[in-house]
file query04.pdb (PDB, C-alpha atoms)
ATOM      1  CA  MET A   1      10.689 -20.259  16.711
ATOM      2  CA  GLN A   2      11.613 -22.681  13.927
ATOM      3  CA  ALA A   3      15.087 -22.485  12.542
ATOM      4  CA  ARG A   4      15.379 -20.950   9.104
ATOM      5  CA  THR A   5      18.603 -20.771   7.148
ATOM      6  CA  TRP A   6      18.216 -18.922   3.901
ATOM      7  CA  PHE A   7      20.686 -18.457   1.076
ATOM      8  CA  THR A   8      23.972 -20.161   1.842
ATOM      9  CA  SER A   9      25.849 -18.035  -0.343
ATOM     10  CA  ILE A  10      26.993  -9.069   0.302
ATOM     11  CA  THR A  11      27.847  -5.254   0.839
ATOM     12  CA  ALA A  12      31.071  -3.627   1.766
ATOM     13  CA  ALA A  13      32.129   0.014   1.894
ATOM     14  CA  VAL A  14      35.398   1.210   0.402
ATOM     15  CA  THR A  15      36.598   4.602  -0.692
ATOM     16  CA  LEU A  16      35.133   4.982  -4.164
ATOM     17  CA  ALA A  17      37.657   7.531  -5.277
ATOM     18  CA  VAL A  18      40.539   5.149  -4.584
ATOM     19  CA  LEU A  19      38.899   2.315  -6.470
ATOM     20  CA  ALA A  20      37.876   4.525  -9.352
ATOM     21  CA  ALA A  21      41.441   5.781  -9.621
ATOM     22  CA  GLY A  22      42.591   2.157  -9.726
ATOM     23  CA  CYS A  23      40.455   1.575 -12.780
ATOM     24  CA  GLY A  24      42.815   3.752 -14.793
ATOM     25  CA  VAL A  25      45.787   1.408 -14.424
ATOM     26  CA  SER A  26      47.008  -0.225 -17.632
ATOM     27  CA  ALA A  27      48.389  -3.736 -17.832
ATOM     28  CA  ASP A  28      51.810  -4.683 -19.145
ATOM     29  CA  ASP A  29      51.345  -7.129 -22.022
ATOM     30  CA  ASN A  30      54.606  -8.877 -21.155
ATOM     31  CA  ALA A  31      54.044  -9.049 -17.393
ATOM     32  CA  SER A  32      53.627 -12.338 -15.620
ATOM     33  CA  GLY A  33      50.152 -13.265 -14.370
ATOM     34  CA  GLY A  34      48.313 -12.537 -17.621
ATOM     35  CA  THR A  35      46.462 -15.114 -19.664
ATOM     36  CA  SER A  36      48.410 -17.223 -22.141
ATOM     37  CA  SER A  37      47.510 -14.734 -24.891
ATOM     38  CA  GLY A  38      48.313 -11.734 -22.726
ATOM     39  CA  PRO A  39      46.104  -9.440 -20.644
ATOM     40  CA  VAL A  40      42.413  -9.262 -21.536
ATOM     41  CA  GLU A  41      41.752  -6.090 -23.505
ATOM     42  CA  GLY A  42      38.722  -3.823 -23.803
ATOM     43  CA  LEU A  43      36.673  -5.307 -20.964
ATOM     44  CA  ARG A  44      33.614  -3.391 -19.775
ATOM     45  CA  ILE A  45      31.796  -4.154 -16.509
ATOM     46  CA  LEU A  46      28.201  -2.983 -16.232
ATOM     47  CA  VAL A  47      27.035  -2.109 -12.712
ATOM     48  CA  PRO A  48      23.212  -2.279 -12.514
ATOM     49  CA  ASN A  49      22.853   0.305  -9.760
ATOM     50  CA  SER A  50      24.297   3.607  -8.577
ATOM     51  CA  PRO A  51      27.900   4.676  -7.885
ATOM     52  CA  GLY A  52      28.934   3.837  -4.332
ATOM     53  CA  SER A  53      26.560   0.880  -4.113
ATOM     54  CA  GLY A  54      27.671  -2.605  -3.108
ATOM     55  CA  TYR A  55      27.746  -3.835  -6.714
ATOM     56  CA  ASP A  56      29.679  -0.744  -7.777
ATOM     57  CA  THR A  57      32.203  -1.167  -4.959
ATOM     58  CA  THR A  58      32.724  -4.834  -5.806
ATOM     59  CA  ALA A  59      33.078  -4.231  -9.548
ATOM     60  CA  ARG A  60      35.626  -1.455  -9.081
ATOM     61  CA  ALA A  61      37.572  -3.497  -6.546
ATOM     62  CA  ALA A  62      37.663  -6.431  -8.990
ATOM     63  CA  ALA A  63      38.723  -4.171 -11.863
ATOM     64  CA  LYS A  64      41.554  -2.746  -9.782
ATOM     65  CA  ALA A  65      42.716  -6.208  -8.695
ATOM     66  CA  MET A  66      42.686  -7.445 -12.308
ATOM     67  CA  GLN A  67      44.706  -4.468 -13.469
ATOM     68  CA  ASP A  68      47.160  -4.496 -10.584
ATOM     69  CA  ALA A  69      47.740  -8.213 -11.217
ATOM     70  CA  LYS A  70      48.411  -7.408 -14.920
ATOM     71  CA  LEU A  71      45.520  -9.629 -16.019
ATOM     72  CA  THR A  72      43.762  -6.907 -18.044
ATOM     73  CA  ASP A  73      44.427  -3.571 -19.593
ATOM     74  CA  THR A  74      42.176  -0.693 -18.527
ATOM     75  CA  VAL A  75      38.724  -1.930 -17.453
ATOM     76  CA  GLU A  76      35.729   0.357 -17.996
ATOM     77  CA  VAL A  77      33.263   0.197 -15.109
ATOM     78  CA  PHE A  78      29.978   1.985 -15.818
ATOM     79  CA  ASN A  79      26.573   2.293 -14.159
ATOM     80  CA  THR A  80      23.083   1.654 -15.532
ATOM     81  CA  ALA A  81      20.811   1.975 -12.516
ATOM     82  CA  GLY A  82      17.116   1.363 -12.045
ATOM     83  CA  ALA A  83      14.425  -1.078 -10.881
ATOM     84  CA  GLY A  84      16.611  -3.003  -8.477
ATOM     85  CA  GLY A  85      19.152  -3.846 -11.159
ATOM     86  CA  THR A  86      16.740  -5.044 -13.830
ATOM     87  CA  VAL A  87      17.297  -1.995 -16.065
ATOM     88  CA  GLY A  88      20.964  -2.959 -16.220
ATOM     89  CA  LEU A  89      20.023  -6.604 -16.694
ATOM     90  CA  GLN A  90      17.862  -5.682 -19.696
ATOM     91  CA  ARG A  91      20.763  -3.703 -21.136
ATOM     92  CA  LEU A  92      23.051  -6.712 -20.767
ATOM     93  CA  VAL A  93      20.506  -8.964 -22.466
ATOM     94  CA  ASN A  94      20.279  -6.410 -25.284
ATOM     95  CA  GLU A  95      24.056  -6.816 -25.745
ATOM     96  CA  LYS A  96      23.459 -10.340 -27.080
ATOM     97  CA  GLY A  97      26.509 -11.700 -28.866
ATOM     98  CA  LYS A  98      28.867  -8.988 -27.569
ATOM     99  CA  ASP A  99      32.062 -10.393 -26.108
ATOM    100  CA  ASP A 100      33.542  -7.367 -24.308
ATOM    101  CA  ILE A 101      30.947  -6.842 -21.550
ATOM    102  CA  LEU A 102      30.169  -8.480 -18.204
ATOM    103  CA  MET A 103      27.728  -7.470 -15.480
ATOM    104  CA  GLN A 104      28.262  -7.320 -11.734
ATOM    105  CA  MET A 105      25.215  -8.765  -9.988
ATOM    106  CA  GLY A 106      24.050 -10.672  -6.942
ATOM    107  CA  LEU A 107      21.157 -11.774  -4.794
ATOM    108  CA  GLY A 108      19.393  -8.413  -5.173
ATOM    109  CA  VAL A 109      19.021  -8.833  -8.928
ATOM    110  CA  VAL A 110      17.618 -12.341  -8.438
ATOM    111  CA  GLY A 111      14.809 -10.929  -6.286
ATOM    112  CA  ALA A 112      14.249  -7.837  -8.419
ATOM    113  CA  VAL A 113      13.491  -9.963 -11.484
ATOM    114  CA  PHE A 114      10.442 -11.315  -9.640
ATOM    115  CA  THR A 115       9.246  -8.177  -7.870
ATOM    116  CA  ASN A 116       9.667  -5.957 -10.944
ATOM    117  CA  LYS A 117       8.275  -8.612 -13.310
ATOM    118  CA  SER A 118      11.319  -8.112 -15.508
ATOM    119  CA  LYS A 119      11.157  -9.395 -19.066
ATOM    120  CA  ALA A 120      14.908  -9.961 -18.922
ATOM    121  CA  THR A 121      15.917 -12.713 -16.505
ATOM    122  CA  LEU A 122      19.182 -14.143 -15.268
ATOM    123  CA  GLN A 123      18.367 -17.296 -17.208
ATOM    124  CA  ASP A 124      19.008 -15.169 -20.315
ATOM    125  CA  THR A 125      22.608 -14.516 -19.199
ATOM    126  CA  VAL A 126      25.780 -16.614 -19.116
ATOM    127  CA  PRO A 127      26.964 -17.266 -15.530
ATOM    128  CA  ILE A 128      30.699 -16.582 -15.182
ATOM    129  CA  ALA A 129      31.621 -16.567 -11.482
ATOM    130  CA  ARG A 130      30.364 -16.050  -7.957
ATOM    131  CA  MET A 131      32.860 -13.896  -6.085
ATOM    132  CA  VAL A 132      32.029 -12.982  -2.493
ATOM    133  CA  SER A 133      29.400 -13.293   0.223
ATOM    134  CA  GLU A 134      28.619 -11.211   3.284
ATOM    135  CA  ALA A 135      26.230 -11.248   6.217
ATOM    136  CA  GLU A 136      23.830  -8.415   6.983
ATOM    137  CA  ALA A 137      23.823  -6.123  10.005
ATOM    138  CA  ILE A 138      20.831  -4.868  12.008
ATOM    139  CA  VAL A 139      21.934  -1.344  12.799
ATOM    140  CA  VAL A 140      20.616   1.739  14.625
ATOM    141  CA  PRO A 141      21.959   5.303  14.679
ATOM    142  CA  LYS A 142      23.887   6.858  17.543
ATOM    143  CA  GLY A 143      21.478   7.969  20.253
ATOM    144  CA  SER A 144      18.798   5.469  19.270
ATOM    145  CA  PRO A 145      16.369   4.524  22.038
ATOM    146  CA  TYR A 146      17.034   0.903  21.087
ATOM    147  CA  THR A 147      20.308  -0.301  22.562
ATOM    148  CA  SER A 148      19.542  -3.999  22.140
ATOM    149  CA  LEU A 149      17.719  -6.161  19.635
ATOM    150  CA  GLU A 150      15.194  -7.081  22.326
ATOM    151  CA  GLN A 151      14.236  -3.421  22.826
ATOM    152  CA  LEU A 152      13.930  -2.900  19.076
ATOM    153  CA  VAL A 153      11.779  -5.984  18.584
ATOM    154  CA  THR A 154       9.477  -5.002  21.471
ATOM    155  CA  ALA A 155       8.779  -1.602  19.879
ATOM    156  CA  TRP A 156       8.504  -3.117  16.410
ATOM    157  CA  LYS A 157       5.926  -5.667  17.497
ATOM    158  CA  ALA A 158       3.908  -3.004  19.336
ATOM    159  CA  ASP A 159       3.557  -0.757  16.255
ATOM    160  CA  PRO A 160       5.442  -1.813  13.086
ATOM    161  CA  GLY A 161       4.363   1.259  11.156
ATOM    162  CA  LYS A 162       6.077   3.592  13.617
ATOM    163  CA  VAL A 163       9.386   1.724  13.455
ATOM    164  CA  PRO A 164      10.544   2.232   9.849
ATOM    165  CA  VAL A 165      13.406   0.094   8.611
ATOM    166  CA  GLY A 166      15.711   1.207   5.819
ATOM    167  CA  GLY A 167      17.676  -0.760   3.255
ATOM    168  CA  ALA A 168      19.608  -0.235   0.043
ATOM    169  CA  SER A 169      17.566  -2.837  -1.841
ATOM    170  CA  ASN A 170      14.287  -2.698  -3.672
ATOM    171  CA  ALA A 171      11.695  -5.368  -2.892
ATOM    172  CA  GLY A 172      13.253  -8.796  -3.156
ATOM    173  CA  GLY A 173      16.817  -7.633  -2.524
ATOM    174  CA  PRO A 174      18.921  -8.690   0.488
ATOM    175  CA  ASP A 175      18.342  -5.527   2.534
ATOM    176  CA  HIS A 176      14.605  -5.987   1.997
ATOM    177  CA  LEU A 177      14.435  -9.727   2.579
ATOM    178  CA  THR A 178      16.449  -9.485   5.808
ATOM    179  CA  PRO A 179      13.906  -7.412   7.783
ATOM    180  CA  MET A 180      11.021  -9.324   6.231
ATOM    181  CA  LEU A 181      12.441 -12.660   7.359
ATOM    182  CA  LEU A 182      13.402 -11.144  10.698
ATOM    183  CA  ALA A 183       9.850  -9.867  11.146
ATOM    184  CA  LYS A 184       8.446 -13.321  10.508
ATOM    185  CA  ALA A 185      10.963 -14.852  12.930
ATOM    186  CA  VAL A 186      10.041 -12.515  15.807
ATOM    187  CA  GLY A 187       6.272 -12.418  15.269
ATOM    188  CA  VAL A 188       5.753  -9.281  13.168
ATOM    189  CA  GLN A 189       3.580  -9.625  10.057
ATOM    190  CA  PRO A 190       5.846  -8.957   7.043
ATOM    191  CA  LYS A 191       3.069  -7.058   5.271
ATOM    192  CA  SER A 192       2.948  -4.578   8.174
ATOM    193  CA  VAL A 193       6.667  -3.744   7.983
ATOM    194  CA  ASN A 194       7.355  -0.104   7.067
ATOM    195  CA  TYR A 195      10.293  -0.666   4.726
ATOM    196  CA  VAL A 196      12.009   2.357   3.147
ATOM    197  CA  ALA A 197      14.206   1.641   0.110
ATOM    198  CA  TYR A 198      17.255   3.826  -0.646
ATOM    199  CA  ASP A 199      19.303   3.965  -3.830
ATOM    200  CA  GLY A 200      22.567   2.484  -2.654
ATOM    201  CA  GLY A 201      24.544   2.214   0.558
ATOM    202  CA  GLY A 202      25.556   5.885   0.562
ATOM    203  CA  GLU A 203      21.986   7.148   0.659
ATOM    204  CA  LEU A 204      21.051   4.548   3.258
ATOM    205  CA  LEU A 205      23.924   5.539   5.533
ATOM    206  CA  THR A 206      22.843   9.188   5.307
ATOM    207  CA  ALA A 207      19.321   8.136   6.298
ATOM    208  CA  ILE A 208      20.612   6.118   9.260
ATOM    209  CA  LEU A 209      22.842   8.921  10.528
ATOM    210  CA  GLY A 210      20.016  11.417  10.010
ATOM    211  CA  LYS A 211      17.625   9.165  11.952
ATOM    212  CA  LYS A 212      15.185   9.011   9.066
ATOM    213  CA  VAL A 213      14.677   5.337   9.869
ATOM    214  CA  ALA A 214      14.479   3.622  13.256
ATOM    215  CA  PHE A 215      16.869   0.916  12.110
ATOM    216  CA  ALA A 216      18.356  -0.557   8.960
ATOM    217  CA  ALA A 217      19.372  -3.861   7.457
ATOM    218  CA  THR A 218      22.500  -3.629   5.355
ATOM    219  CA  GLY A 219      25.759  -5.337   4.511
ATOM    220  CA  ILE A 220      28.173  -5.372   7.434
ATOM    221  CA  GLY A 221      30.862  -3.680   5.384
ATOM    222  CA  GLU A 222      28.572  -0.715   4.708
ATOM    223  CA  VAL A 223      28.539   0.275   8.381
ATOM    224  CA  ALA A 224      31.621  -1.346   9.925
ATOM    225  CA  GLU A 225      33.662   1.865  10.079
ATOM    226  CA  GLN A 226      30.749   3.889  11.439
ATOM    227  CA  ALA A 227      30.205   1.246  14.102
ATOM    228  CA  LYS A 228      33.854   1.483  15.151
ATOM    229  CA  SER A 229      33.589   5.291  15.386
ATOM    230  CA  GLY A 230      30.359   5.061  17.402
ATOM    231  CA  ASP A 231      28.159   6.805  14.835
ATOM    232  CA  VAL A 232      25.978   3.699  14.591
ATOM    233  CA  LYS A 233      25.456   0.583  16.692
ATOM    234  CA  ILE A 234      25.142  -2.889  15.223
ATOM    235  CA  LEU A 235      22.570  -4.746  17.310
ATOM    236  CA  ALA A 236      23.054  -8.106  15.588
ATOM    237  CA  VAL A 237      24.508  -9.825  12.542
ATOM    238  CA  THR A 238      22.800 -12.431  10.377
ATOM    239  CA  SER A 239      25.754 -14.807  10.049
ATOM    240  CA  GLU A 240      25.985 -18.286  11.538
ATOM    241  CA  GLN A 241      29.029 -17.292  13.586
ATOM    242  CA  PRO A 242      30.173 -13.923  15.021
ATOM    243  CA  VAL A 243      31.979 -11.704  12.512
ATOM    244  CA  GLU A 244      35.608 -10.963  13.240
ATOM    245  CA  GLY A 245      36.131  -7.306  14.108
ATOM    246  CA  ILE A 246      32.422  -6.629  14.665
ATOM    247  CA  ASP A 247      31.239  -6.175  18.240
ATOM    248  CA  ALA A 248      27.763  -7.598  17.790
ATOM    249  CA  PRO A 249      26.003 -10.902  18.552
ATOM    250  CA  THR A 250      24.456 -13.187  15.957
ATOM    251  CA  LEU A 251      20.688 -13.396  15.698
ATOM    252  CA  LYS A 252      20.907 -17.061  16.614
ATOM    253  CA  SER A 253      22.720 -16.255  19.870
ATOM    254  CA  LEU A 254      19.799 -13.948  20.697
ATOM    255  CA  ASP A 255      17.305 -16.802  20.164
ATOM    256  CA  VAL A 256      16.207 -15.513  16.768
ATOM    257  CA  ASP A 257      16.578 -18.493  14.475
ATOM    258  CA  LEU A 258      17.559 -16.793  11.267
ATOM    259  CA  VAL A 259      20.755 -16.970   9.218
ATOM    260  CA  PHE A 260      21.015 -14.903   6.048
ATOM    261  CA  THR A 261      23.882 -14.244   3.648
ATOM    262  CA  ASN A 262      24.167 -11.976   0.632
ATOM    263  CA  TRP A 263      26.429 -12.749  -2.349
ATOM    264  CA  ARG A 264      27.767 -11.163  -5.545
ATOM    265  CA  GLY A 265      28.913 -12.520  -8.873
ATOM    266  CA  ILE A 266      29.518 -11.860 -12.571
ATOM    267  CA  VAL A 267      27.422 -12.833 -15.613
ATOM    268  CA  GLY A 268      27.847 -12.302 -19.334
ATOM    269  CA  PRO A 269      25.405 -11.472 -22.132
ATOM    270  CA  PRO A 270      23.428 -14.118 -24.035
ATOM    271  CA  GLY A 271      25.252 -15.529 -27.002
ATOM    272  CA  LEU A 272      28.689 -15.213 -25.407
ATOM    273  CA  SER A 273      30.953 -17.605 -27.274
ATOM    274  CA  ALA A 274      32.399 -20.669 -25.566
ATOM    275  CA  GLU A 275      35.879 -19.265 -26.203
ATOM    276  CA  LYS A 276      35.095 -15.994 -24.403
ATOM    277  CA  GLN A 277      33.357 -17.843 -21.572
ATOM    278  CA  GLN A 278      36.533 -19.831 -21.064
ATOM    279  CA  GLN A 279      38.662 -16.686 -21.217
ATOM    280  CA  TYR A 280      36.525 -14.933 -18.614
ATOM    281  CA  ASN A 281      36.453 -18.009 -16.393
ATOM    282  CA  GLU A 282      40.252 -18.054 -16.518
ATOM    283  CA  LEU A 283      40.432 -14.300 -15.892
ATOM    284  CA  LEU A 284      38.236 -14.462 -12.790
ATOM    285  CA  THR A 285      40.051 -17.573 -11.550
ATOM    286  CA  LYS A 286      43.451 -15.888 -11.870
ATOM    287  CA  MET A 287      42.114 -12.760 -10.200
ATOM    288  CA  HIS A 288      40.754 -14.913  -7.376
ATOM    289  CA  GLU A 289      44.182 -16.512  -6.932
ATOM    290  CA  SER A 290      46.053 -13.197  -7.027
ATOM    291  CA  SER A 291      47.612 -11.566  -3.989
ATOM    292  CA  GLN A 292      45.806  -8.371  -4.970
ATOM    293  CA  TRP A 293      42.362  -9.969  -4.619
ATOM    294  CA  LYS A 294      43.295 -11.788  -1.428
ATOM    295  CA  GLN A 295      44.288  -8.433   0.040
ATOM    296  CA  THR A 296      41.015  -6.906  -1.148
ATOM    297  CA  LEU A 297      39.033  -9.651   0.600
ATOM    298  CA  ALA A 298      40.962  -9.044   3.813
ATOM    299  CA  ASP A 299      40.668  -5.265   3.631
ATOM    300  CA  GLN A 300      36.922  -5.311   2.986
ATOM    301  CA  GLY A 301      35.978  -8.215   5.224
ATOM    302  CA  TRP A 302      34.368 -10.095   2.346
ATOM    303  CA  THR A 303      33.953 -13.865   2.526
ATOM    304  CA  ASP A 304      35.483 -15.764  -0.374
ATOM    305  CA  SER A 305      32.677 -17.686  -2.135
ATOM    306  CA  PHE A 306      34.324 -18.329  -5.474
ATOM    307  CA  GLN A 307      32.626 -20.526  -8.072
ATOM    308  CA  THR A 308      32.853 -20.555 -11.855
ATOM    309  CA  GLY A 309      31.123 -22.028 -14.877
ATOM    310  CA  ASP A 310      28.668 -24.856 -14.391
ATOM    311  CA  GLU A 311      29.041 -24.812 -10.610
ATOM    312  CA  PHE A 312      27.952 -21.169 -10.482
ATOM    313  CA  LYS A 313      25.188 -21.867 -13.026
ATOM    314  CA  THR A 314      23.781 -24.605 -10.761
ATOM    315  CA  PHE A 315      24.001 -22.310  -7.734
ATOM    316  CA  LEU A 316      22.256 -19.485  -9.584
ATOM    317  CA  THR A 317      19.380 -21.768 -10.592
ATOM    318  CA  SER A 318      19.038 -22.920  -6.993
ATOM    319  CA  GLU A 319      19.015 -19.334  -5.691
ATOM    320  CA  ASN A 320      16.419 -18.327  -8.267
ATOM    321  CA  ASP A 321      14.085 -21.084  -7.062
ATOM    322  CA  ARG A 322      14.815 -20.330  -3.407
ATOM    323  CA  VAL A 323      14.137 -16.588  -3.722
ATOM    324  CA  ALA A 324      10.891 -17.254  -5.591
ATOM    325  CA  GLY A 325       9.764 -19.519  -2.756
ATOM    326  CA  VAL A 326      10.635 -16.985  -0.060
ATOM    327  CA  LEU A 327       8.868 -14.137  -1.892
ATOM    328  CA  ARG A 328       5.751 -16.267  -2.289
ATOM    329  CA  GLU A 329       5.867 -17.285   1.353
ATOM    330  CA  LEU A 330       6.096 -13.646   2.407
ATOM    331  CA  GLY A 331       3.193 -12.753   0.136
ATOM    332  CA  LEU A 332       5.347 -10.431  -1.991
ATOM    333  CA  VAL A 333       4.683 -12.187  -5.298
ATOM    334  CA  ALA A 334       1.893 -14.464  -6.501
TER     335      ALA A 334
END
call {"tool": "encode", "arguments": {"input": "query04.pdb", "output": "structure tokens"}}
result
Amino acid sequence: MQARTWFTSITAAVTLAVLAAGCGVSADDNASGGTSSGPVEGLRILVPNSPGSGYDTTARAAAKAMQDAKLTDTVEVFNTAGAGGTVGLQRLVNEKGKDDILMQMGLGVVGAVFTNKSKATLQDTVPIARMVSEAEAIVVPKGSPYTSLEQLVTAWKADPGKVPVGGASNAGGPDHLTPMLLAKAVGVQPKSVNYVAYDGGGELLTAILGKKVAFAATGIGEVAEQAKSGDVKILAVTSEQPVEGIDAPTLKSLDVDLVFTNWRGIVGPPGLSAEKQQQYNELLTKMHESSQWKQTLADQGWTDSFQTGDEFKTFLTSENDRVAGVLRELGLVA
């Protein structure tokens, strides 16, 4: 097999109630750690998919870290789900010129723009910062007949239609691209893969535990706790190196030459003023440097992939081109 390394650039599971509660914390205007003009006020963060999803978890964790570090006053995190994130993207684009709104996004939205033929694109937005990245896990439920990747691949190659794979991404998202690229790497035709999309990590986990799918591709953080409890088994991870705390081999160590990493970031609406761009760049940079965010990264097992401004803009353009190429190669878009 030829080596393929795609997307050098996430999902994690945290208790939503805890994070949501954190979003009610108010900042002290005179506390240290705020911007030179004091904490940012009135910030809204749009999440383009459902509560409990990876984007939602990340946005609420960021909002809590900002507030706990006294960098903002109360941050409103709200959901506008649909079409792999492109409904939320269109809403952000419609907020042209507004300076109080940002959108949590990531690799899934990049792909969804192509597969959903979205009129709104990420090129319409203002890149603010890339935040985290995370490898994917190939996971089966407790009691699965497949106790190794080799067993799973053997059955998958024999009859792809009878080995459904679940993911919390629509076509073009990380949970969808992972099994498609895996299929190509092990000799299964991507077009024959029986992929079942679920609306967020919560619904996917329910499907895995209920054995509605033979296996799933999802962010490691989404299933780490269930793997520790024995409710699911992670057969492999898509990272270059083994993941600390996860008892699973890499695909590469199993002679499957595939490395894949998901990522998440923040963008603003078109027409965002240079002054507000600078303010948000500073806000995300100070959050990134805070002890609160460092603890969040450690608690959730997220990989720090921080970039801001032009550096993130260049990365986003590169990812857009890369995803388009992969989707064309897999026959998913013209």
call {"tool": "closest_residue", "arguments": {"input": "query04.pdb", "among": "A:Phe114, A:Tyr55, A:Phe78, A:Trp156", "to": "A:Gly187", "atoms": "all atoms listed in the file"}}
result
A:Trp156
call {"tool": "atom_distance", "arguments": {"input": "query04.pdb", "atom1": "atom CA of A:Val40", "atom2": "atom CA of A:Asp99"}}
result
11.4 Å
call {"tool": "closest_residue", "arguments": {"input": "query04.pdb", "among": "A:Leu177, A:Val267, A:Gly38, A:Ala135", "to": "A:Ser239", "atoms": "all atoms listed in the file"}}
result
A:Ala135
call {"tool": "resolve_selection", "arguments": {"input": "query04.pdb", "expression": "the PyMOL selection byres ((chain A and resi 320) around 12)", "output": "ChimeraX atom specification"}}
result
/A:7,106-114,121-123,172,313-319,321-327
call {"tool": "atom_distance", "arguments": {"input": "query04.pdb", "atom1": "atom CA of A:Thr206", "atom2": "atom CA of A:Gln226"}}
result
11.3 Å
call {"tool": "atom_distance", "arguments": {"input": "query04.pdb", "atom1": "atom CA of A:Met105", "atom2": "atom CA of A:Pro141"}}
result
28.6 Å
call {"tool": "residues_around", "arguments": {"input": "query04.pdb", "residues": "A:Leu330", "least_positions_apart": "4", "cutoff": "12 Å", "atoms": "all atoms listed in the file", "output": "ChimeraX atom specification"}}
result
/A:171-172,176-185,188-193,323-326,334
call {"tool": "closest_residue", "arguments": {"input": "query04.pdb", "among": "A:Gln67, A:Ser229, A:Ser133, A:Ser144", "to": "A:Thr303", "atoms": "all atoms listed in the file"}}
result
A:Ser133
call {"tool": "residues_near_point", "arguments": {"input": "query04.pdb", "point": "(28.0, -17.9, -28.5)", "cutoff": "12 Å", "atoms": "only C-alpha atoms", "output": "PDB file with C-alpha atoms, keeping the file's coordinate frame"}}
result
ATOM      1  CA  LYS A  96      23.459 -10.340 -27.080  1.00  0.00           C
ATOM      2  CA  GLY A  97      26.509 -11.700 -28.866  1.00  0.00           C
ATOM      3  CA  LYS A  98      28.867  -8.988 -27.569  1.00  0.00           C
ATOM      4  CA  ASP A  99      32.062 -10.393 -26.108  1.00  0.00           C
ATOM      5  CA  THR A 125      22.608 -14.516 -19.199  1.00  0.00           C
ATOM      6  CA  VAL A 126      25.780 -16.614 -19.116  1.00  0.00           C
ATOM      7  CA  GLY A 268      27.847 -12.302 -19.334  1.00  0.00           C
ATOM      8  CA  PRO A 269      25.405 -11.472 -22.132  1.00  0.00           C
ATOM      9  CA  PRO A 270      23.428 -14.118 -24.035  1.00  0.00           C
ATOM     10  CA  GLY A 271      25.252 -15.529 -27.002  1.00  0.00           C
ATOM     11  CA  LEU A 272      28.689 -15.213 -25.407  1.00  0.00           C
ATOM     12  CA  SER A 273      30.953 -17.605 -27.274  1.00  0.00           C
ATOM     13  CA  ALA A 274      32.399 -20.669 -25.566  1.00  0.00           C
ATOM     14  CA  GLU A 275      35.879 -19.265 -26.203  1.00  0.00           C
ATOM     15  CA  LYS A 276      35.095 -15.994 -24.403  1.00  0.00           C
ATOM     16  CA  GLN A 277      33.357 -17.843 -21.572  1.00  0.00           C
ATOM     17  CA  GLN A 278      36.533 -19.831 -21.064  1.00  0.00           C
TER      18      GLN A 278
END
call {"tool": "residues_around", "arguments": {"input": "query04.pdb", "residues": "A:Leu205", "least_positions_apart": "5", "cutoff": "12 Å", "atoms": "only C-alpha atoms", "output": "ChimeraX atom specification"}}
result
/A:13,52-53,139-141,166-168,197-200,210-213,215-227,231-232
call {"tool": "closest_atom_pairs", "arguments": {"input": "query04.pdb", "of": "stretch 70-168 of chain A", "to": "stretch 282-300 of chain A", "cutoff": "10 Å", "atoms": "all atoms listed in the file", "output": "CSV"}}
result
residue,atom,partner,partner_atom,distance
A:Lys70,CA,A:Met287,CA,9.5
A:Leu71,CA,A:Leu283,CA,6.9
A:Thr72,CA,A:Leu283,CA,8.4
A:Ile128,CA,A:Leu284,CA,8.2
A:Ala129,CA,A:Leu284,CA,7.1
A:Arg130,CA,A:Leu284,CA,9.4
A:Met131,CA,A:His288,CA,8.1
A:Val132,CA,A:Leu297,CA,8.3
call {"tool": "residues_around", "arguments": {"input": "query04.pdb", "residues": "A:Asn79", "least_positions_apart": "4", "cutoff": "9 Å", "atoms": "all atoms listed in the file", "output": "list of chain:residue names"}}
result
A:Ile45, A:Leu46, A:Val47, A:Pro48, A:Asn49, A:Ser50, A:Pro51, A:Asp56, A:Gly88
call {"tool": "resolve_selection", "arguments": {"input": "query04.pdb", "expression": "the PyMOL selection byres ((chain A and resi 119) around 10)", "output": "MDAnalysis selection string"}}
result
chainID A and resid 86 89:90 93 113:114 116:118 120:121 124
call {"tool": "closest_residue", "arguments": {"input": "query04.pdb", "among": "A:Arg60, A:Lys233, A:Lys228, A:Arg264", "to": "A:Leu209", "atoms": "all atoms listed in the file"}}
result
A:Lys233
call {"tool": "residues_around", "arguments": {"input": "query04.pdb", "residues": "A:Val243", "least_positions_apart": "2", "cutoff": "12 Å", "atoms": "all atoms listed in the file", "output": "list of chain:residue names"}}
result
A:Glu134, A:Ala135, A:Glu136, A:Ala137, A:Gly219, A:Ile220, A:Gly221, A:Ala224, A:Ile234, A:Ala236, A:Val237, A:Thr238, A:Ser239, A:Glu240, A:Gln241, A:Gly245, A:Ile246, A:Asp247, A:Ala248, A:Pro249, A:Thr250, A:Leu251, A:Gly301, A:Trp302, A:Thr303
call {"tool": "decode", "arguments": {"input": "query04.pdb", "residues": "stretch 286-290 of chain A", "atoms": "N, CA and C atoms", "output": "PDB file, in the first residue's frame"}}
result
ATOM      1  N   LYS A 286      -4.702  35.040  24.200  1.00  0.00           N
ATOM      2  CA  LYS A 286      -4.647  35.056  25.668  1.00  0.00           C
ATOM      3  C   LYS A 286      -5.350  33.839  26.259  1.00  0.00           C
ATOM      4  N   MET A 287      -6.446  33.415  25.638  1.00  0.00           N
ATOM      5  CA  MET A 287      -7.092  32.193  26.102  1.00  0.00           C
ATOM      6  C   MET A 287      -6.146  31.011  25.951  1.00  0.00           C
ATOM      7  N   HIS A 288      -5.479  30.939  24.787  1.00  0.00           N
ATOM      8  CA  HIS A 288      -4.552  29.852  24.510  1.00  0.00           C
ATOM      9  C   HIS A 288      -3.417  29.803  25.540  1.00  0.00           C
ATOM     10  N   GLU A 289      -2.993  30.978  26.003  1.00  0.00           N
ATOM     11  CA  GLU A 289      -1.898  31.049  26.967  1.00  0.00           C
ATOM     12  C   GLU A 289      -2.350  30.843  28.411  1.00  0.00           C
ATOM     13  N   SER A 290      -3.651  30.837  28.637  1.00  0.00           N
ATOM     14  CA  SER A 290      -4.177  30.762  30.004  1.00  0.00           C
ATOM     15  C   SER A 290      -4.029  29.369  30.609  1.00  0.00           C
TER      16      SER A 290
END
